[in-house]
Amino acid sequence: MQKGPGGPLRGVRVVDLTRAVSGPFCTMILGDLGAEVIKVEPPAGDLPRFAGPFTTDDTGRQIGGLFGSINRNKRGIVLDLSTPADRETLLRLVDTADVLAENYRAGVMERWGLSYEALHARNPAMVYAAIRGFGDPRTGSSPYGDWPAYDVVAQAMGGLVSMTGAGASQPVRVGPTIGDLYPAALSAIGIVSAVLHARQTGQGQMVDVAMVDSIVSLCETAVYRYSYTGVVSRPTGNSHPQLVPFDIYPTKDGKCAIAAPTPNHWKILCDVIGRPELVDDERTNSNGARVANAEFVQQAVTEWTAERTTAEIAETLGGRVPVGPVNDAADLFTDPHVRARDMLVAVEQPAGARPVVFPNCPIRFTSTPSGVYRRPPLLGEH
């Protein structure tokens, strides 16, 4: 852990009313980049706080794994926004804030008298950010605007599930909660952009990111493919419909990724696997030909990978052809790249519990270092 905030957003104050996953991940990014983030929780706490998992030596059980992972670098207070006194406390925070972020359903903040318009009138320079399933009506109404949404709903309605899986009859949800995390990342970009505008003009504004909109934008290949050709993208497993070879291959002790769709990489791969004749073979002498004969190409590559360990393949192809092992969570803890880049960071916990490891901030700077400097707060700690 770092000794304190060092990122380029030092001096930016964020009032964080977010909960669950999408909002807290967004404000975590801002905190990793140096912003002062004040997490406001209801008296019962944010839902993931007590949901676990917990280490065996954590007898207090106040910071569950999910909560801890996405709420580092924040200070925490408790406010019951259904009461006038606590709403007044929030308004005093608004007076000093550069950003207020929330991810309630549309209309919740209005019922408390804390609408964007009311807060903008009080602090015109403040940026108000909202992440909702279907967006905020101020930037574009949706027939589903008052529907609640979770990651799986966003992935399904945004088109991601329809093109992910082993085959057309087996669409699946992507493992990481991308329906939460991608909108969070886009919201962080929007917030930083709006803060820059506010610093230049003195005028804040609303930043509105819909979970479903975000996944639609993530599925850009399916959109343009349908627009150009009328073809609906379906699950293709680990293969790529327009690039070959570009897949996950079995090895003697696991699996690895290999991508060699360019002429240079394909030639090197053919030489390495002992099939130099495939460079000029009419079935495989171009990416288009390989796409048309994908099964033949996959068989040729698989015959070579299946007889070698993942490490042997990585050593042979590394630096010459795009290649990488299929890592699981345990592998990440020993991967030399992850270690060299300090992508896993041990974060201290409240007294009596051992440190736990979370992914570090992947956004790096030469002069203003980002990173983790504060453990997640206990409920109402600050």
# chains A, B, ... in the order shown; residues from 1 in each chain; ligands from 1
>>> closest_atom_pairs(of="region 8-62 of chain A", to="region 176-189 of chain A", cutoff="9 Å", atoms="only C-alpha atoms", output="tab-separated table")
residue	atom	partner	partner_atom	distance
A:Val21	CA	A:Asp180	CA	6.2
A:Ser22	CA	A:Asp180	CA	4.4
A:Gly23	CA	A:Ala184	CA	6.2
A:Pro24	CA	A:Ala184	CA	8.0
A:Phe25	CA	A:Ala184	CA	5.9
A:Cys26	CA	A:Ala184	CA	4.4
A:Thr27	CA	A:Ala188	CA	7.3
A:Ile29	CA	A:Ala188	CA	6.9
A:Leu30	CA	A:Ala188	CA	6.8
>>> write_last_selection(atoms="all heavy atoms", output="PDB file, in the first residue's frame")
ATOM      1  N   VAL A  21     -22.479  -2.504  -6.606  1.00  0.00           N
ATOM      2  CA  VAL A  21     -21.232  -2.721  -7.347  1.00  0.00           C
ATOM      3  C   VAL A  21     -20.891  -1.586  -8.305  1.00  0.00           C
ATOM      4  O   VAL A  21     -19.799  -1.032  -8.250  1.00  0.00           O
ATOM      5  CB  VAL A  21     -21.293  -4.051  -8.136  1.00  0.00           C
ATOM      6  CG1 VAL A  21     -20.007  -4.263  -8.937  1.00  0.00           C
ATOM      7  CG2 VAL A  21     -21.508  -5.221  -7.179  1.00  0.00           C
ATOM      8  N   SER A  22     -21.806  -1.226  -9.202  1.00  0.00           N
ATOM      9  CA  SER A  22     -21.443  -0.297 -10.280  1.00  0.00           C
ATOM     10  C   SER A  22     -20.972   1.051  -9.746  1.00  0.00           C
ATOM     11  O   SER A  22     -19.909   1.553 -10.136  1.00  0.00           O
ATOM     12  CB  SER A  22     -22.628  -0.101 -11.230  1.00  0.00           C
ATOM     13  OG  SER A  22     -23.746   0.453 -10.552  1.00  0.00           O
ATOM     14  N   GLY A  23     -21.746   1.649  -8.842  1.00  0.00           N
ATOM     15  CA  GLY A  23     -21.362   2.943  -8.303  1.00  0.00           C
ATOM     16  C   GLY A  23     -20.089   2.899  -7.484  1.00  0.00           C
ATOM     17  O   GLY A  23     -19.171   3.710  -7.696  1.00  0.00           O
ATOM     18  N   PRO A  24     -19.979   1.968  -6.518  1.00  0.00           N
ATOM     19  CA  PRO A  24     -18.746   1.895  -5.735  1.00  0.00           C
ATOM     20  C   PRO A  24     -17.497   1.626  -6.570  1.00  0.00           C
ATOM     21  O   PRO A  24     -16.418   2.128  -6.253  1.00  0.00           O
ATOM     22  CB  PRO A  24     -19.030   0.747  -4.760  1.00  0.00           C
ATOM     23  CG  PRO A  24     -20.505   0.787  -4.569  1.00  0.00           C
ATOM     24  CD  PRO A  24     -21.050   1.146  -5.923  1.00  0.00           C
ATOM     25  N   PHE A  25     -17.605   0.828  -7.646  1.00  0.00           N
ATOM     26  CA  PHE A  25     -16.437   0.587  -8.495  1.00  0.00           C
ATOM     27  C   PHE A  25     -16.025   1.886  -9.189  1.00  0.00           C
ATOM     28  O   PHE A  25     -14.826   2.179  -9.329  1.00  0.00           O
ATOM     29  CB  PHE A  25     -16.739  -0.496  -9.516  1.00  0.00           C
ATOM     30  CG  PHE A  25     -15.524  -1.004 -10.247  1.00  0.00           C
ATOM     31  CD1 PHE A  25     -14.734  -1.993  -9.693  1.00  0.00           C
ATOM     32  CD2 PHE A  25     -15.173  -0.498 -11.483  1.00  0.00           C
ATOM     33  CE1 PHE A  25     -13.607  -2.465 -10.357  1.00  0.00           C
ATOM     34  CE2 PHE A  25     -14.054  -0.958 -12.168  1.00  0.00           C
ATOM     35  CZ  PHE A  25     -13.262  -1.950 -11.597  1.00  0.00           C
ATOM     36  N   CYS A  26     -17.002   2.682  -9.613  1.00  0.00           N
ATOM     37  CA  CYS A  26     -16.709   3.974 -10.231  1.00  0.00           C
ATOM     38  C   CYS A  26     -15.963   4.884  -9.269  1.00  0.00           C
ATOM     39  O   CYS A  26     -14.913   5.438  -9.595  1.00  0.00           O
ATOM     40  CB  CYS A  26     -18.010   4.633 -10.697  1.00  0.00           C
ATOM     41  SG  CYS A  26     -17.846   6.365 -11.162  1.00  0.00           S
ATOM     42  N   THR A  27     -16.492   5.038  -8.060  1.00  0.00           N
ATOM     43  CA  THR A  27     -15.847   5.949  -7.105  1.00  0.00           C
ATOM     44  C   THR A  27     -14.534   5.372  -6.596  1.00  0.00           C
ATOM     45  O   THR A  27     -13.635   6.129  -6.208  1.00  0.00           O
ATOM     46  CB  THR A  27     -16.796   6.258  -5.939  1.00  0.00           C
ATOM     47  OG1 THR A  27     -17.288   5.037  -5.367  1.00  0.00           O
ATOM     48  CG2 THR A  27     -17.982   7.093  -6.421  1.00  0.00           C
ATOM     49  N   ILE A  29     -12.388   3.901  -8.573  1.00  0.00           N
ATOM     50  CA  ILE A  29     -11.443   4.367  -9.588  1.00  0.00           C
ATOM     51  C   ILE A  29     -11.005   5.796  -9.283  1.00  0.00           C
ATOM     52  O   ILE A  29      -9.809   6.123  -9.333  1.00  0.00           O
ATOM     53  CB  ILE A  29     -12.069   4.282 -10.992  1.00  0.00           C
ATOM     54  CG1 ILE A  29     -12.332   2.832 -11.388  1.00  0.00           C
ATOM     55  CG2 ILE A  29     -11.166   4.948 -12.031  1.00  0.00           C
ATOM     56  CD1 ILE A  29     -13.124   2.682 -12.678  1.00  0.00           C
ATOM     57  N   LEU A  30     -11.963   6.647  -8.932  1.00  0.00           N
ATOM     58  CA  LEU A  30     -11.629   8.033  -8.622  1.00  0.00           C
ATOM     59  C   LEU A  30     -10.718   8.109  -7.402  1.00  0.00           C
ATOM     60  O   LEU A  30      -9.770   8.898  -7.367  1.00  0.00           O
ATOM     61  CB  LEU A  30     -12.905   8.840  -8.391  1.00  0.00           C
ATOM     62  CG  LEU A  30     -13.910   8.861  -9.546  1.00  0.00           C
ATOM     63  CD1 LEU A  30     -15.147   9.647  -9.163  1.00  0.00           C
ATOM     64  CD2 LEU A  30     -13.288   9.436 -10.816  1.00  0.00           C
TER      65      LEU A  30
END
>>> closest_atom_pairs(of="region 29-116 of chain A", to="region 203-217 of chain A", cutoff="10 Å", atoms="only C-alpha atoms", output="CSV")
residue,atom,partner,partner_atom,distance
A:Asp98,CA,A:Gly204,CA,8.5
A:Val99,CA,A:Gly204,CA,8.8
A:Leu100,CA,A:Met206,CA,9.6
A:Ala101,CA,A:Val207,CA,9.1
A:Asn103,CA,A:Val209,CA,9.7
A:Tyr116,CA,A:Met206,CA,7.3
>>> closest_residue(among="A:Ala35, A:Pro124, A:Arg19, A:Ile77", to="His382 (chain A)", atoms="only C-alpha atoms")
A:Ile77
>>> residues_around(residues="Cys256 (chain A)", least_positions_apart="4", cutoff="10 Å", atoms="only C-alpha atoms", output="PyMOL selection string")
chain A and resi 247-251+305+309-311+313-314+323-327
>>> write_last_selection(atoms="C-alpha atoms", output="mmCIF file, in the first residue's frame")
data_model
loop_
_atom_site.group_PDB
_atom_site.id
_atom_site.type_symbol
_atom_site.label_atom_id
_atom_site.label_comp_id
_atom_site.auth_asym_id
_atom_site.auth_seq_id
_atom_site.Cartn_x
_atom_site.Cartn_y
_atom_site.Cartn_z
ATOM 1 C CA ASP A 247 -8.398 -19.176 -30.072
ATOM 2 C CA ILE A 248 -7.805 -21.072 -26.846
ATOM 3 C CA TYR A 249 -5.884 -24.296 -27.424
ATOM 4 C CA PRO A 250 -5.420 -27.408 -25.253
ATOM 5 C CA THR A 251 -1.941 -28.094 -23.906
ATOM 6 C CA THR A 305 -0.090 -27.610 -28.661
ATOM 7 C CA THR A 309 3.066 -27.973 -21.774
ATOM 8 C CA THR A 310 1.724 -24.457 -21.494
ATOM 9 C CA ALA A 311 5.110 -23.238 -20.261
ATOM 10 C CA ILE A 313 4.525 -23.199 -25.671
ATOM 11 C CA ALA A 314 4.879 -19.795 -24.027
ATOM 12 C CA VAL A 323 0.557 -16.194 -26.832
ATOM 13 C CA GLY A 324 -0.412 -16.526 -23.202
ATOM 14 C CA PRO A 325 -1.459 -19.088 -20.617
ATOM 15 C CA VAL A 326 -5.059 -19.373 -19.448
ATOM 16 C CA ASN A 327 -4.560 -18.204 -15.868
#
>>> closest_atom_pairs(of="region 26-64 of chain A", to="region 12-15 of chain A", cutoff="7 Å", atoms="only C-alpha atoms", output="CSV")
residue,atom,partner,partner_atom,distance
A:Ala35,CA,A:Val12,CA,5.0
A:Glu36,CA,A:Arg13,CA,4.8
A:Val37,CA,A:Val14,CA,4.7
A:Ile38,CA,A:Val15,CA,5.1
A:Lys39,CA,A:Val15,CA,6.4
>>> select_by_dssp(residues="region 228-338 of chain A", states="strand (DSSP E or B)", output="list in words")
Phe246, Asp247, Ile248, Tyr249, Pro250, Lys255, Cys256, Ala257, Ile258, Ala259, Val323, Gly324 and Pro325 of chain A
>>> residues_around(residues="Gly113 (chain A)", least_positions_apart="6", cutoff="10 Å", atoms="only C-alpha atoms", output="list of chain:residue names")
A:Leu81, A:Ser82, A:Pro84, A:Arg87, A:Gly107, A:Leu119
>>> closest_residue(among="A:Arg234, A:His120, A:Arg132, A:Arg61", to="Met163 (chain A)", atoms="only C-alpha atoms")
A:Arg234
>>> atom_distance(atom1="CA of Glu312 (chain A)", atom2="CA of Ala259 (chain A)")
16.5 Å
>>> closest_residue(among="A:Phe358, A:Trp112, A:Tyr104, A:Trp304", to="Gly133 (chain A)", atoms="only C-alpha atoms")
A:Tyr104
